[in-house]
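Q: One structure coming up, written as structure tokens, with questions to follow.
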Amino acid sequence: MSELVFCKLGGSIITDKQRPSTARPEMIERLAQEIAQAMADRPGLRLLLGHGSGSFGHVVASKYRVHQGIADGENWWGYAETGAVAAQLNRLVTDTFIRAGVPVVTIQPSALARCRGGELIALDDYPIREALRHRLVPLVHGDVAFDSDQGCTIVSTEAEFAYLARALRPARIVLVGEVHGVYDRDPLADKAAQRPEHSRRAARLFARITPDTYAEIEAGLGGSSSADVTGGMLTKVRGMVDLVEQELVQGVHLISGHVRGALTRVLLDPQATGGTVIEKVRRHSAPGC
């Protein structure tokens with residue numbers, strides 16, 4: 001049975017976000033192998049892949065404040081450098097997936113996107129549709145983009161997914177990151193601060209989030225502990241909840257790339273457990289109502 005799934009490999013899992021322009025090639029290779037396995041085991045699976053920029057694009061973009069825009073007459077070097085490092089990581093990801101037997105085709109967002117006021121307002125989806133029609137795997141990524149109001153901005157993979165979900169209507173979205181899903185507090189914060197184990201309160205994983213319960217957990221979500229010009233976990237989860245609430249996707253699954261086999265399992269089984277699932281609860285009227 002055919003199913004279109006959007007899958008993002010987060011910058012936090014495919015790069016070391018504490019070290020500028022540092023990829024995790026072994027991790028990228030393993031995730032590529034897991035996707036190749038899922039596609040082999042489920043021939044009807046169609047994928048749109050995306051990846052974050054991690055310590056490549058985010059660090060440079062933050063340095064030059066590219067996400068805040070560049071006025072006419074100012075130095076646009078930061079825009080060019082940010083685009084270059086984003087493409088550098090994408091080349092590494094593309095080559096790794098090709099070696100793994102996954103027929104990825106990079107779709108460069110900066111060449112297709114139009115933004116206004118920091119928001120993505122148009123993205124030409126023709127190349128993506130054609131790639132899918134020919135059983136290829138289109139690959140997008142976080143990238144720079146021109147902006148009619150502020151000169152330029154950054155478009156995240158999640159923003160690209162949100163725009164494309166309206167046009168392509170995927171069944172599901174899978175987000176692969178550093179942590180196991182969505183927590184009530186940053187599970188990496190205490191470790192990063194080197195607080196002793198006995199003084200830490202263990203972060204609680206939300207196994208399931210719905211649009212009705214999102215407001216209760218929003219206060220516990222925050223940005224990123226490293227350079228991230230696209231808003232971190234809060235922006236990511238809020239955007240995914242919106243897609244579920246609007247019924248543009250049936251569900252979103254957030255998992256950790258550190259769990260071997262988790263990505264293959266989730267791609268093969270929409271009902272797979274583990275991580276965090278964002279889905280919409282359909283309310284049933286009581287008898288007589």
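Letters A, B, ... go to the chains of the structure tokens in the order shown; residues in each chain start at 1; ligands are counted from 1 in the same order.
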Using only C-alpha atoms, which residues sit within 10 Å of Ala71 of chain A once same-chain residues fewer than 4 positions away are excluded, as a list of chain:residue names?

A: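 Here the qualifying residues turn out to be A:Asn75, A:Trp76, A:Asp149, A:Gln150, A:Gly151, A:Cys152.
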
Q: Tell me, which residues of segment 28-115 of chain A carry DSSP strand (DSSP E or B), written as a PyMOL selection string?

A: chain A and resi 45-51+104-106+113-115

Q: Output the selection as a PDB file, in the first residue's frame - N, CA and C atoms for each residue.

A:
ATOM      1  N   LEU A  45       6.346   2.524  -0.031  1.00  0.00           N
ATOM      2  CA  LEU A  45       6.721   3.707   0.748  1.00  0.00           C
ATOM      3  C   LEU A  45       7.333   4.764  -0.162  1.00  0.00           C
ATOM      4  N   ARG A  46       6.765   5.963  -0.122  1.00  0.00           N
ATOM      5  CA  ARG A  46       7.334   7.097  -0.856  1.00  0.00           C
ATOM      6  C   ARG A  46       7.817   8.117   0.172  1.00  0.00           C
ATOM      7  N   LEU A  47       8.995   8.668  -0.062  1.00  0.00           N
ATOM      8  CA  LEU A  47       9.606   9.551   0.919  1.00  0.00           C
ATOM      9  C   LEU A  47       9.987  10.903   0.338  1.00  0.00           C
ATOM     10  N   LEU A  48       9.720  11.932   1.126  1.00  0.00           N
ATOM     11  CA  LEU A  48      10.343  13.241   0.941  1.00  0.00           C
ATOM     12  C   LEU A  48      11.260  13.409   2.137  1.00  0.00           C
ATOM     13  N   LEU A  49      12.556  13.488   1.885  1.00  0.00           N
ATOM     14  CA  LEU A  49      13.536  13.626   2.958  1.00  0.00           C
ATOM     15  C   LEU A  49      13.945  15.087   3.130  1.00  0.00           C
ATOM     16  N   GLY A  50      14.323  15.402   4.343  1.00  0.00           N
ATOM     17  CA  GLY A  50      14.874  16.719   4.633  1.00  0.00           C
ATOM     18  C   GLY A  50      15.923  16.579   5.715  1.00  0.00           C
ATOM     19  N   HIS A  51      16.788  17.552   5.820  1.00  0.00           N
ATOM     20  CA  HIS A  51      17.742  17.542   6.934  1.00  0.00           C
ATOM     21  C   HIS A  51      18.004  18.970   7.389  1.00  0.00           C
ATOM     22  N   VAL A 104      18.303   9.604  -3.783  1.00  0.00           N
ATOM     23  CA  VAL A 104      17.967  10.968  -3.396  1.00  0.00           C
ATOM     24  C   VAL A 104      18.336  11.954  -4.502  1.00  0.00           C
ATOM     25  N   VAL A 105      17.522  13.000  -4.607  1.00  0.00           N
ATOM     26  CA  VAL A 105      17.776  14.104  -5.534  1.00  0.00           C
ATOM     27  C   VAL A 105      17.620  15.395  -4.746  1.00  0.00           C
ATOM     28  N   THR A 106      18.694  16.141  -4.589  1.00  0.00           N
ATOM     29  CA  THR A 106      18.626  17.385  -3.827  1.00  0.00           C
ATOM     30  C   THR A 106      17.777  18.424  -4.541  1.00  0.00           C
ATOM     31  N   ALA A 113      12.411  29.129  -3.230  1.00  0.00           N
ATOM     32  CA  ALA A 113      11.606  29.735  -2.175  1.00  0.00           C
ATOM     33  C   ALA A 113      11.476  31.243  -2.333  1.00  0.00           C
ATOM     34  N   ARG A 114      10.325  31.753  -1.894  1.00  0.00           N
ATOM     35  CA  ARG A 114      10.108  33.188  -1.755  1.00  0.00           C
ATOM     36  C   ARG A 114       9.574  33.443  -0.354  1.00  0.00           C
ATOM     37  N   CYS A 115      10.170  34.429   0.323  1.00  0.00           N
ATOM     38  CA  CYS A 115       9.788  34.725   1.697  1.00  0.00           C
ATOM     39  C   CYS A 115       9.389  36.178   1.844  1.00  0.00           C
TER      40      CYS A 115
END

Q: Mind pulling up the distance from atom CA of Ser256 of chain A to atom CA of Tyr183 of chain A?

A: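 Computed distance, atom CA of Tyr183 of chain A to atom CA of Ser256 of chain A, equals 12.4 Å.
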
Q: Tell me, as a PyMOL selection string, which residues lie within 7 Å of Ala38 of chain A, counting only C-alpha atoms; anything in the same chain fewer than 5 positions away does not count.

A: chain A and resi 264+267-268

Q: Please indicate the distance in Å from atom CA of Ala122 of chain A to atom CA of Tyr163 of chain A, rounded to one decimal place.

A: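 One can read the atom CA of Ala122 of chain A to atom CA of Tyr163 of chain A distance as 7.8 Å.
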
Q: Choose the residue, out of A:Ala36, A:Ala272, A:Val60, A:Val5, that has the smallest atom-to-atom separation from Lys17 of chain A; count only C-alpha atoms.

A: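 For Lys17 of chain A, the nearest of the given residues is A:Val60.
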
Q: Hey, which of A:Leu248, A:Val85, A:Ile128, A:Met27 ends up closest to Gly54 of chain A? Count only C-alpha atoms.

A: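 Between A:Leu248, A:Val85, A:Ile128, A:Met27, the residue approaching Gly54 of chain A most closely is A:Val85.
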
Q: From the set A:Ala131, A:Leu136, A:Ala145, A:Ala203, which residue has the shortest atom-to-atom contact distance to Thr82 of chain A, counting only C-alpha atoms?

A: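 The shortest atom-to-atom distance to Thr82 of chain A comes from A:Ala145.
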
Q: Going by DSSP on the backbone, which bits of segment 106-249 of chain A are helix (DSSP H, G or I)? Write them as a ChimeraX atom specification, please.

A: /A:109-111,126-133,157-168,189-192,197-199,214-220,232-245

Q: Limited to N, CA and C atoms, could you put the picked residues into a file as a short mmCIF file (atom, residue, chain, number, x, y, z; two decimals), in the first residue's frame?

A:
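What landed in selection.cif:
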data_model
loop_
_atom_site.label_atom_id
_atom_site.label_comp_id
_atom_site.auth_asym_id
_atom_site.auth_seq_id
_atom_site.Cartn_x
_atom_site.Cartn_y
_atom_site.Cartn_z
N PRO A 109 16.33 24.55 -1.73
CA PRO A 109 15.25 25.47 -1.35
C PRO A 109 15.52 26.92 -1.73
N SER A 110 16.77 27.39 -1.61
CA SER A 110 17.06 28.80 -1.89
C SER A 110 16.77 29.18 -3.33
N ALA A 111 16.76 28.20 -4.23
CA ALA A 111 16.48 28.47 -5.64
C ALA A 111 14.98 28.47 -5.94
N TYR A 126 7.10 21.75 -8.19
CA TYR A 126 7.14 20.94 -9.40
C TYR A 126 8.29 19.93 -9.40
N PRO A 127 9.54 20.34 -9.07
CA PRO A 127 10.63 19.35 -9.07
C PRO A 127 10.40 18.21 -8.07
N ILE A 128 9.76 18.54 -6.95
CA ILE A 128 9.49 17.52 -5.94
C ILE A 128 8.45 16.53 -6.44
N ARG A 129 7.40 17.05 -7.04
CA ARG A 129 6.36 16.16 -7.60
C ARG A 129 6.94 15.25 -8.67
N GLU A 130 7.79 15.80 -9.53
CA GLU A 130 8.37 15.00 -10.60
C GLU A 130 9.30 13.92 -10.05
N ALA A 131 10.08 14.29 -9.02
CA ALA A 131 10.97 13.30 -8.41
C ALA A 131 10.16 12.14 -7.83
N LEU A 132 9.09 12.46 -7.11
CA LEU A 132 8.25 11.42 -6.53
C LEU A 132 7.58 10.57 -7.61
N ARG A 133 7.18 11.21 -8.69
CA ARG A 133 6.51 10.48 -9.77
C ARG A 133 7.44 9.45 -10.40
N THR A 157 13.68 23.34 7.56
CA THR A 157 13.09 22.16 6.94
C THR A 157 11.64 22.01 7.37
N GLU A 158 11.34 22.32 8.64
CA GLU A 158 9.96 22.22 9.11
C GLU A 158 9.05 23.19 8.37
N ALA A 159 9.54 24.41 8.08
CA ALA A 159 8.73 25.36 7.32
C ALA A 159 8.48 24.84 5.91
N GLU A 160 9.49 24.23 5.32
CA GLU A 160 9.33 23.63 3.99
C GLU A 160 8.32 22.49 4.03
N PHE A 161 8.43 21.65 5.05
CA PHE A 161 7.47 20.55 5.21
C PHE A 161 6.05 21.09 5.37
N ALA A 162 5.89 22.13 6.18
CA ALA A 162 4.56 22.68 6.42
C ALA A 162 3.95 23.21 5.12
N TYR A 163 4.76 23.89 4.33
CA TYR A 163 4.26 24.41 3.06
C TYR A 163 3.91 23.27 2.11
N LEU A 164 4.79 22.30 2.01
CA LEU A 164 4.59 21.20 1.07
C LEU A 164 3.48 20.25 1.52
N ALA A 165 3.20 20.20 2.81
CA ALA A 165 2.12 19.34 3.29
C ALA A 165 0.78 19.76 2.70
N ARG A 166 0.60 21.04 2.48
CA ARG A 166 -0.65 21.53 1.91
C ARG A 166 -0.82 21.10 0.45
N ALA A 167 0.31 20.96 -0.23
CA ALA A 167 0.25 20.60 -1.64
C ALA A 167 0.29 19.09 -1.87
N LEU A 168 1.07 18.38 -1.04
CA LEU A 168 1.32 16.96 -1.29
C LEU A 168 0.55 16.04 -0.37
N ALA A 189 19.88 19.84 29.25
CA ALA A 189 20.32 21.07 29.91
C ALA A 189 21.19 20.82 31.13
N ASP A 190 20.74 19.92 32.01
CA ASP A 190 21.51 19.67 33.23
C ASP A 190 22.84 19.01 32.91
N LYS A 191 22.83 18.13 31.93
CA LYS A 191 24.08 17.47 31.54
C LYS A 191 25.06 18.50 30.99
N ALA A 192 24.53 19.44 30.17
CA ALA A 192 25.39 20.47 29.60
C ALA A 192 25.95 21.38 30.69
N GLU A 197 24.33 14.26 39.13
CA GLU A 197 23.17 13.42 38.82
C GLU A 197 22.10 13.50 39.90
N HIS A 198 22.51 13.49 41.17
CA HIS A 198 21.55 13.44 42.27
C HIS A 198 20.72 14.72 42.38
N SER A 199 21.19 15.83 41.79
CA SER A 199 20.47 17.10 41.90
C SER A 199 19.54 17.34 40.71
N TYR A 214 -1.70 20.38 23.91
CA TYR A 214 -0.47 21.12 23.62
C TYR A 214 -0.30 22.33 24.54
N ALA A 215 -1.38 23.06 24.81
CA ALA A 215 -1.29 24.27 25.64
C ALA A 215 -0.73 23.95 27.02
N GLU A 216 -1.01 22.75 27.52
CA GLU A 216 -0.55 22.38 28.86
C GLU A 216 0.96 22.17 28.92
N ILE A 217 1.56 21.79 27.79
CA ILE A 217 2.99 21.48 27.81
C ILE A 217 3.84 22.58 27.19
N GLU A 218 3.21 23.55 26.55
CA GLU A 218 3.97 24.57 25.81
C GLU A 218 4.96 25.30 26.68
N ALA A 219 4.59 25.57 27.92
CA ALA A 219 5.47 26.35 28.80
C ALA A 219 6.78 25.64 29.06
N GLY A 220 6.80 24.31 28.97
CA GLY A 220 8.01 23.57 29.23
C GLY A 220 8.94 23.47 28.06
N GLY A 232 14.21 26.34 17.61
CA GLY A 232 14.33 25.21 18.52
C GLY A 232 13.07 24.37 18.63
N MET A 233 12.96 23.63 19.73
CA MET A 233 11.89 22.66 19.92
C MET A 233 10.51 23.30 19.96
N LEU A 234 10.39 24.46 20.58
CA LEU A 234 9.09 25.11 20.69
C LEU A 234 8.48 25.38 19.32
N THR A 235 9.25 26.00 18.45
CA THR A 235 8.76 26.31 17.10
C THR A 235 8.44 25.04 16.34
N LYS A 236 9.30 24.04 16.48
CA LYS A 236 9.11 22.77 15.77
C LYS A 236 7.79 22.10 16.16
N VAL A 237 7.58 21.95 17.47
CA VAL A 237 6.39 21.25 17.93
C VAL A 237 5.13 22.04 17.64
N ARG A 238 5.16 23.33 17.83
CA ARG A 238 3.98 24.15 17.56
C ARG A 238 3.58 24.03 16.10
N GLY A 239 4.56 24.05 15.19
CA GLY A 239 4.26 23.93 13.78
C GLY A 239 3.67 22.58 13.43
N MET A 240 4.18 21.51 14.06
CA MET A 240 3.67 20.18 13.78
C MET A 240 2.26 20.00 14.35
N VAL A 241 1.99 20.56 15.52
CA VAL A 241 0.65 20.50 16.09
C VAL A 241 -0.34 21.20 15.17
N ASP A 242 0.05 22.32 14.61
CA ASP A 242 -0.83 23.05 13.67
C ASP A 242 -1.18 22.18 12.47
N LEU A 243 -0.20 21.46 11.92
CA LEU A 243 -0.46 20.60 10.75
C LEU A 243 -1.44 19.49 11.11
N VAL A 244 -1.28 18.91 12.29
CA VAL A 244 -2.19 17.86 12.72
C VAL A 244 -3.58 18.41 12.96
N GLU A 245 -3.65 19.57 13.61
CA GLU A 245 -4.96 20.17 13.91
C GLU A 245 -5.73 20.51 12.63
#

Q: Per residue of segment 20-70 of chain A within 12 Å of segment 87-93 of chain A, what are the shortest atom pair and its distance in Å to one decimal, counting only C-alpha atoms, with rows by chain and residue number, as CSV?

A:
residue,atom,partner,partner_atom,distance
A:Pro20,CA,A:Leu89,CA,11.7
A:Ser21,CA,A:Leu89,CA,8.2
A:Thr22,CA,A:Leu89,CA,9.1
A:Ala23,CA,A:Leu89,CA,7.5
A:Arg24,CA,A:Leu92,CA,10.1
A:Pro25,CA,A:Leu92,CA,8.1
A:Glu26,CA,A:Val93,CA,11.0
A:Met27,CA,A:Val93,CA,10.4
A:Ile28,CA,A:Val93,CA,6.8
A:Glu29,CA,A:Val93,CA,8.4
A:Arg30,CA,A:Val93,CA,11.4
A:Leu31,CA,A:Val93,CA,10.2
A:Ala32,CA,A:Val93,CA,8.6
A:Leu49,CA,A:Val93,CA,10.7
A:Gly50,CA,A:Asn90,CA,9.5
A:His51,CA,A:Asn90,CA,7.9
A:Gly52,CA,A:Asn90,CA,9.1
A:Ser53,CA,A:Leu89,CA,7.0
A:Gly54,CA,A:Leu89,CA,8.9
A:Ser55,CA,A:Leu89,CA,9.5
A:Phe56,CA,A:Leu89,CA,6.9
A:Gly57,CA,A:Leu89,CA,8.6
A:His58,CA,A:Leu89,CA,11.7

Q: Find, counting only C-alpha atoms, the residue in A:Arg42, A:Tyr79, A:His258, A:Cys7 that gets nearest to Leu139 of chain A.

A: A:Cys7

Q: With only C-alpha atoms as the counted atoms, please give the residues lying no more than 8 Å from Leu263 of chain A, apart from itself and same-chain residues fewer than 5 positions off, as a list in words.

A: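 Residues meeting the cut-off are Leu31, Glu34, Ile35, Val176, Ile255 and Gly257 of chain A.
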